[in-house]
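I have placed the structure first, in the form of structure tokens, so that the comments after it can refer back to it.
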Amino acid sequence: MRAPKTADFIVIGTGVIGSSIAFHLMKRNAGRVLILDKNLAAQGGSSRSSALVRMHYTLPEEVRLAVKSYEIFANWEDTVGRPGHLKQIGFVQIVPESEIEQLKKNVEMQRKVGANTRIISSRELNEIEPDWRLDDVSVAAYEPDSGYGDGSVTANDFLERAREMGAEFLPRTCVSAFNIEAGRVRGVATDKGGFEAPTVIAATGPWSVPLFRAAGFELPIEAEFHRVAILKNPPAMKGGGCALIDSACLVYLRSEGDGMTLVGEFTGTRGVDPDDFPQSISHEELAEVALLGARRIPALENSGVVRGVTGMYDVSPDARPLLGQTPGVEGLYIACGFSGMGYKISPVVGLTMAELIVDGRGKTVDISIFDPGRFAAGEPIRAPHEYADA
């Protein structure tokens, strides 16, 4: 079947964000939706995501997006019509002792917003995770219901449901430019010809920069390379442990089933080409990442390496997404710059973007703070109780 050359909405990108937007537009019966991707579905960052699901953020709007998204993840079959895949293993946030007051204030804010979280002592954390080294930890934040999901499954579930409701999907279709006339988007140019629509939404991660530059808007987004190691737990180690973001040891980790642990590095190399980055990790690099995990779980020093995963973050100057209409171009919307947080908020980013596009504002969560023009206006986001690694 040939794809239509006209639509009411064109969504570019089939990761968790683009697919969620398409799903929510179709769920609202907003009009004809055409979805384009330069590859097959969910082959970008979503397929490489560690897919943490947690509520611990320093900005109330982020927490609201995460809380409402958690509700969708926890009721996936009711909302999306597919079997749920959320693994509720629990989540812990550890910060340096110098930031304990920020941690407590952030947990207080998160609880007011609706997150199931609390401060726990080092002793209680040791009962939950006896393998963790906790000599530098007095308290931590704990979310018993949080955990992780699957980026590819999430994106494909959203996309499949959108198609079942009538959306058209055209894979292997590379968008080369937006067609703009008199300050309004008219469609897109691709390697398969032009497609017309009065509304275009780009959820294209680090590939967004050249597209928007050609449209006269310089996106302050950098591609950042990250490495993850999947380790085989040593026999004496407890399996199935909590997910952890550890600002003290600069590492994040989570169980990968009962017998393995996923370990990821906090920081990565900026300015990498998203179309040309290492697709594998050397044995030496895997050992480096494994040792990061061993800072918190000493038993991982004796783990076996199963495999490595590489991927890209699309990082903004304040490490928060750009969500909204492109300054100066009516009908052209941006959803990028997620800086590693895209998966866990994707269900409600799609919902609120659909609300913004159709109703003129995000109703479920007010996302106006994430306006794409904030950097040009000199107004990056700063939360009241930021951490140093933010």
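Quick note on naming: the chains in the structure tokens go A, B, ... in the order shown, residues restart at 1 in each chain, and ligands are numbered from 1 in order of appearance.
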Could you give me, as an MDAnalysis selection string, the residues within 9 Å of Leu40 in chain A, counting only C-alpha atoms and dropping anything in the same chain fewer than 6 positions from it?
chainID A and resid 14 170:172
Based on the backbone DSSP call, show me all residues of range 208-348 of chain A assigned alpha helix (DSSP H), as a PyMOL selection string.
chain A and resi 208-214+283-294+342-348
Please produce a file of those selected residues containing C-alpha atoms, as a short mmCIF file (atom, residue, chain, number, x, y, z; two decimals), in the first residue's frame.
```cif
data_model
loop_
_atom_site.label_atom_id
_atom_site.label_comp_id
_atom_site.auth_asym_id
_atom_site.auth_seq_id
_atom_site.Cartn_x
_atom_site.Cartn_y
_atom_site.Cartn_z
CA SER A 208 17.34 16.99 15.17
CA VAL A 209 20.13 19.55 15.00
CA PRO A 210 20.78 19.67 11.21
CA LEU A 211 17.06 19.51 10.43
CA PHE A 212 16.24 22.53 12.55
CA ARG A 213 19.38 24.41 11.55
CA ALA A 214 18.19 24.31 7.95
CA HIS A 283 37.16 -5.78 26.72
CA GLU A 284 39.18 -3.03 28.39
CA GLU A 285 36.24 -0.61 28.25
CA LEU A 286 33.87 -3.22 29.60
CA ALA A 287 36.23 -3.75 32.52
CA GLU A 288 36.22 0.02 33.16
CA VAL A 289 32.44 0.15 33.32
CA ALA A 290 32.29 -2.97 35.49
CA LEU A 291 34.66 -1.37 37.99
CA LEU A 292 32.30 1.61 38.23
CA GLY A 293 29.62 -0.79 39.43
CA ALA A 294 32.06 -2.40 41.86
CA GLY A 342 13.17 10.18 27.72
CA TYR A 343 12.06 6.61 28.36
CA LYS A 344 10.61 7.08 31.84
CA ILE A 345 8.49 10.09 30.88
CA SER A 346 7.64 9.07 27.31
CA PRO A 347 4.01 7.99 27.90
CA VAL A 348 2.95 11.41 29.18
#
```
Taking into account only C-alpha atoms, which residue in the set A:Val175, A:Ile201, A:Ala22, A:Ala236 is nearest to Ala335 in chain A?
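The answer is A:Ile201, which sits nearest to Ala335 in chain A.
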Got a sec to tell me which of range 75-292 of chain A DSSP assigns to strand (DSSP E), as a PyMOL selection string?
chain A and resi 91-94+118-121+139-143+147-148+168-170+175-181+184-190+193-196+199-202+222-232+243-246+251-255+260-265+269-270
Take CA of Asn233 in chain A and CA of Pro298 in chain A and report the distance between them in Å, one decimal.
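For CA of Asn233 in chain A relative to CA of Pro298 in chain A, the distance reads 11.1 Å.
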Considering only C-alpha atoms, state which residue in the set A:Lys38, A:Ala30, A:Arg382, A:Val53 is at the smallest distance from Gly151 in chain A.
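Between A:Lys38, A:Ala30, A:Arg382, A:Val53, the residue approaching Gly151 in chain A most closely is A:Val53.
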Might you pull out every residue within 9 Å of Gly331 in chain A, with only C-alpha atoms counted and same-chain residues fewer than 2 positions away left off, and present them as number ranges by chain?
A: 184-186, 198-201, 325-326, 329, 333, 357
Keeping N, CA and C atoms for every residue in the selection just given, could you write it to a file as a short mmCIF file (atom, residue, chain, number, x, y, z; two decimals), in the first residue's frame?
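Saved to result.cif:
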```cif
data_model
loop_
_atom_site.label_atom_id
_atom_site.label_comp_id
_atom_site.auth_asym_id
_atom_site.auth_seq_id
_atom_site.Cartn_x
_atom_site.Cartn_y
_atom_site.Cartn_z
N ARG A 184 5.32 29.26 8.19
CA ARG A 184 4.47 28.12 8.57
C ARG A 184 4.99 26.87 7.90
N VAL A 185 5.01 25.76 8.64
CA VAL A 185 5.43 24.50 8.05
C VAL A 185 4.35 23.99 7.12
N ARG A 186 4.78 23.44 6.00
CA ARG A 186 3.84 22.89 5.01
C ARG A 186 4.02 21.39 4.81
N PRO A 198 0.00 20.33 7.74
CA PRO A 198 0.10 21.63 8.40
C PRO A 198 0.76 21.55 9.78
N THR A 199 0.98 20.32 10.28
CA THR A 199 1.62 20.14 11.58
C THR A 199 2.66 19.04 11.46
N VAL A 200 3.89 19.36 11.87
CA VAL A 200 4.99 18.40 11.83
C VAL A 200 5.62 18.36 13.21
N ILE A 201 5.82 17.15 13.72
CA ILE A 201 6.43 16.98 15.04
C ILE A 201 7.70 16.15 14.87
N GLN A 325 6.45 24.30 20.30
CA GLN A 325 6.51 24.79 18.93
C GLN A 325 7.82 25.52 18.68
N THR A 326 8.35 25.33 17.48
CA THR A 326 9.59 25.99 17.10
C THR A 326 9.39 27.50 17.02
N VAL A 329 8.15 29.42 13.63
CA VAL A 329 7.60 28.54 12.59
C VAL A 329 6.32 27.90 13.12
N TYR A 333 6.79 21.41 15.55
CA TYR A 333 6.98 21.10 16.96
C TYR A 333 8.24 20.27 17.20
N ILE A 357 -0.61 20.33 20.94
CA ILE A 357 -0.83 20.51 19.52
C ILE A 357 -2.32 20.72 19.21
#
```
Using 12 Å as the limit and counting only C-alpha atoms, can you tabulate each residue of range 34-67 of chain A that touches range 187-190 of chain A, with its shortest atom-to-atom distance in Å and the two atoms involved, as JSON lines?
```
{"residue": "A:Leu34", "atom": "CA", "partner": "A:Gly187", "partner_atom": "CA", "distance": 10.9}
{"residue": "A:Ile35", "atom": "CA", "partner": "A:Val188", "partner_atom": "CA", "distance": 11.7}
{"residue": "A:Leu36", "atom": "CA", "partner": "A:Thr190", "partner_atom": "CA", "distance": 9.4}
{"residue": "A:Asp37", "atom": "CA", "partner": "A:Thr190", "partner_atom": "CA", "distance": 10.2}
{"residue": "A:Lys38", "atom": "CA", "partner": "A:Thr190", "partner_atom": "CA", "distance": 9.3}
```
Please provide as a PyMOL selection string all residues within 6 Å of range 222-224 of chain A, with the sequence filter that same-chain residues fewer than 2 positions apart are discarded (counting only C-alpha atoms).
chain A and resi 206+268-272+312-315
Written file, previous selection with C-alpha atoms, as a PDB file, in the first residue's frame:
```pdb
ATOM      1  CA  PRO A 206      20.448  13.948  18.274  1.00  0.00           C
ATOM      2  CA  GLY A 268      30.175  10.362  28.152  1.00  0.00           C
ATOM      3  CA  THR A 269      31.960  11.945  25.220  1.00  0.00           C
ATOM      4  CA  ARG A 270      30.165  14.918  23.672  1.00  0.00           C
ATOM      5  CA  GLY A 271      30.038  15.909  20.032  1.00  0.00           C
ATOM      6  CA  VAL A 272      29.944  12.377  18.613  1.00  0.00           C
ATOM      7  CA  MET A 312      23.639   8.260  22.407  1.00  0.00           C
ATOM      8  CA  TYR A 313      21.950  10.860  24.590  1.00  0.00           C
ATOM      9  CA  ASP A 314      20.634  14.086  23.064  1.00  0.00           C
ATOM     10  CA  VAL A 315      21.792  16.503  25.747  1.00  0.00           C
TER      11      VAL A 315
END
```
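Summary of the local environment: counting only C-alpha atoms, residues at most 10 Å from Trp76 in chain A, other than itself and those fewer than 4 positions away along its chain, are A:Tyr70, A:Glu71, A:Ile72, A:Val80, A:Gly81, A:Arg82, A:Pro83, A:Gly84, A:His85, A:Leu86, A:Thr154, A:Asp157, A:Pro347.
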Close residues, range 41-51 of chain A itself excluded, 10 Å, only C-alpha atoms, min 5 positions apart in chain, as a VMD selection string:
chain A and resid 13 to 19 36 86 147 to 156 159 to 160 169 to 172 204 to 207 227 to 228 252 to 254 256 262 to 264 274 to 275 309 to 314 340 to 344
Can you spit out the residues from that selection as a short mmCIF file (atom, residue, chain, number, x, y, z; two decimals), in the first residue's frame, using N, CA and C atoms?
```
data_model
loop_
_atom_site.label_atom_id
_atom_site.label_comp_id
_atom_site.auth_asym_id
_atom_site.auth_seq_id
_atom_site.Cartn_x
_atom_site.Cartn_y
_atom_site.Cartn_z
N GLY A 13 10.17 10.07 13.55
CA GLY A 13 10.85 9.32 14.58
C GLY A 13 9.94 8.33 15.28
N THR A 14 10.41 7.08 15.41
CA THR A 14 9.60 6.03 16.02
C THR A 14 10.27 5.45 17.27
N GLY A 15 11.00 6.28 17.99
CA GLY A 15 11.42 5.89 19.32
C GLY A 15 10.25 6.02 20.28
N VAL A 16 10.53 5.94 21.57
CA VAL A 16 9.44 5.99 22.54
C VAL A 16 8.70 7.32 22.50
N ILE A 17 9.38 8.42 22.16
CA ILE A 17 8.73 9.73 22.16
C ILE A 17 7.84 9.90 20.93
N GLY A 18 8.40 9.68 19.75
CA GLY A 18 7.60 9.85 18.53
C GLY A 18 6.42 8.89 18.47
N SER A 19 6.66 7.64 18.86
CA SER A 19 5.58 6.66 18.83
C SER A 19 4.49 6.99 19.84
N LEU A 36 7.06 8.85 10.01
CA LEU A 36 8.21 8.60 9.16
C LEU A 36 9.43 8.28 10.02
N LEU A 86 6.55 -3.68 32.81
CA LEU A 86 7.26 -2.99 33.89
C LEU A 86 7.74 -4.00 34.94
N GLY A 147 11.23 0.76 38.86
CA GLY A 147 12.03 -0.33 38.31
C GLY A 147 12.51 -0.03 36.91
N TYR A 148 12.14 -0.91 35.97
CA TYR A 148 12.59 -0.69 34.59
C TYR A 148 11.63 -1.37 33.62
N GLY A 149 11.74 -0.94 32.36
CA GLY A 149 10.92 -1.51 31.30
C GLY A 149 11.78 -1.92 30.12
N ASP A 150 11.28 -1.71 28.91
CA ASP A 150 11.98 -2.11 27.69
C ASP A 150 11.69 -1.07 26.62
N GLY A 151 12.73 -0.39 26.16
CA GLY A 151 12.55 0.69 25.20
C GLY A 151 11.96 0.24 23.88
N SER A 152 12.46 -0.85 23.34
CA SER A 152 11.95 -1.34 22.06
C SER A 152 10.49 -1.77 22.16
N VAL A 153 10.17 -2.49 23.23
CA VAL A 153 8.79 -2.95 23.41
C VAL A 153 7.85 -1.76 23.56
N THR A 154 8.23 -0.79 24.38
CA THR A 154 7.39 0.39 24.59
C THR A 154 7.13 1.13 23.29
N ALA A 155 8.19 1.41 22.53
CA ALA A 155 8.03 2.13 21.27
C ALA A 155 7.18 1.35 20.28
N ASN A 156 7.45 0.06 20.16
CA ASN A 156 6.69 -0.74 19.20
C ASN A 156 5.23 -0.92 19.62
N LEU A 159 3.55 2.29 18.63
CA LEU A 159 3.46 2.40 17.17
C LEU A 159 2.41 1.45 16.61
N GLU A 160 2.42 0.21 17.10
CA GLU A 160 1.45 -0.77 16.59
C GLU A 160 0.02 -0.34 16.89
N PHE A 169 2.50 4.34 8.67
CA PHE A 169 3.93 4.34 9.00
C PHE A 169 4.74 4.03 7.76
N LEU A 170 5.72 4.88 7.49
CA LEU A 170 6.60 4.69 6.35
C LEU A 170 8.04 4.60 6.86
N PRO A 171 8.56 3.37 6.99
CA PRO A 171 9.95 3.22 7.43
C PRO A 171 10.93 3.49 6.30
N ARG A 172 12.22 3.54 6.66
CA ARG A 172 13.29 3.78 5.69
C ARG A 172 12.99 4.99 4.81
N THR A 204 13.32 13.40 16.98
CA THR A 204 14.45 12.84 16.26
C THR A 204 15.76 12.88 17.04
N GLY A 205 15.69 13.09 18.35
CA GLY A 205 16.87 12.98 19.20
C GLY A 205 18.05 13.78 18.68
N PRO A 206 19.26 13.20 18.71
CA PRO A 206 20.45 13.95 18.27
C PRO A 206 20.47 14.24 16.79
N TRP A 207 19.58 13.60 16.01
CA TRP A 207 19.51 13.89 14.58
C TRP A 207 18.70 15.17 14.30
N ARG A 227 28.24 4.24 27.50
CA ARG A 227 28.54 2.81 27.50
C ARG A 227 27.84 2.12 28.67
N VAL A 228 27.38 0.91 28.42
CA VAL A 228 26.72 0.09 29.44
C VAL A 228 27.33 -1.30 29.37
N TYR A 252 25.15 4.28 37.44
CA TYR A 252 23.79 3.79 37.65
C TYR A 252 23.79 2.31 37.35
N LEU A 253 22.88 1.58 37.95
CA LEU A 253 22.81 0.15 37.74
C LEU A 253 21.41 -0.37 38.05
N ARG A 254 21.17 -1.56 37.60
CA ARG A 254 19.92 -2.27 37.91
C ARG A 254 20.12 -3.73 37.62
N GLU A 256 19.37 -7.18 35.82
CA GLU A 256 18.95 -7.61 34.49
C GLU A 256 18.49 -9.06 34.64
N LEU A 262 23.08 -4.73 35.17
CA LEU A 262 23.38 -3.71 34.16
C LEU A 262 24.07 -2.55 34.85
N VAL A 263 25.21 -2.12 34.32
CA VAL A 263 25.98 -1.01 34.90
C VAL A 263 26.22 0.03 33.81
N GLY A 264 25.89 1.28 34.10
CA GLY A 264 26.07 2.36 33.13
C GLY A 264 26.87 3.51 33.71
N PRO A 274 25.97 10.96 15.66
CA PRO A 274 25.00 9.91 15.97
C PRO A 274 24.87 8.84 14.90
N ASP A 275 25.40 9.11 13.71
CA ASP A 275 25.39 8.10 12.65
C ASP A 275 26.71 7.33 12.56
N VAL A 309 26.73 -2.52 25.66
CA VAL A 309 25.77 -1.77 24.86
C VAL A 309 26.27 -0.33 24.76
N THR A 310 26.19 0.25 23.58
CA THR A 310 26.53 1.66 23.41
C THR A 310 25.31 2.42 22.93
N GLY A 311 25.29 3.72 23.17
CA GLY A 311 24.16 4.53 22.73
C GLY A 311 24.45 6.00 22.85
N MET A 312 23.48 6.81 22.42
CA MET A 312 23.64 8.26 22.41
C MET A 312 22.54 8.93 23.22
N TYR A 313 22.91 9.94 23.99
CA TYR A 313 21.95 10.86 24.59
C TYR A 313 21.90 12.12 23.73
N ASP A 314 20.73 12.75 23.66
CA ASP A 314 20.63 14.09 23.06
C ASP A 314 20.54 15.07 24.24
N GLY A 340 18.79 11.69 28.47
CA GLY A 340 18.78 10.42 29.18
C GLY A 340 17.51 10.12 29.94
N MET A 341 16.56 11.05 30.00
CA MET A 341 15.33 10.82 30.78
C MET A 341 14.13 10.47 29.92
N GLY A 342 14.31 10.31 28.61
CA GLY A 342 13.17 10.18 27.72
C GLY A 342 12.29 8.99 27.98
N TYR A 343 12.87 7.81 28.23
CA TYR A 343 12.06 6.61 28.36
C TYR A 343 11.03 6.75 29.47
N LYS A 344 11.47 7.14 30.64
CA LYS A 344 10.61 7.08 31.84
C LYS A 344 9.47 8.09 31.81
#
```
Separation of CA of Phe225 in chain A and CA of Pro384 in chain A, in Å?
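Separation of CA of Phe225 in chain A and CA of Pro384 in chain A: 28.6 Å.
Atom to atom, CA of Arg307 in chain A and CA of Ile230 in chain A stand 5.4 Å apart.
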Nearest candidate to Gly114 in chain A (options A:Arg295, A:His56, A:Arg133, A:Lys5; using only C-alpha atoms)
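For Gly114 in chain A, the nearest of the given residues is A:His56.
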Selection near Ala383 in chain A, 10 Å with only C-alpha atoms, sequence-local residues under 6 positions removed, as a list in words
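The residues satisfying every condition are Tyr57, Thr58, Leu59, Pro60, Glu61, Asn106 and Ala390 of chain A.
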Save out the residues we just selected, C-alpha atoms, as a CSV table (one decimal), in the first residue's frame.
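And here is the file that came out, result-v5.csv:
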```csv
chain,number,residue,atom,x,y,z
A,57,TYR,CA,13.8,14.4,39.8
A,58,THR,CA,14.5,17.9,41.2
A,59,LEU,CA,11.9,19.7,39.1
A,60,PRO,CA,8.2,19.4,40.0
A,61,GLU,CA,7.2,19.3,36.3
A,106,ASN,CA,13.4,16.8,46.8
A,390,ALA,CA,22.5,17.7,37.1
```
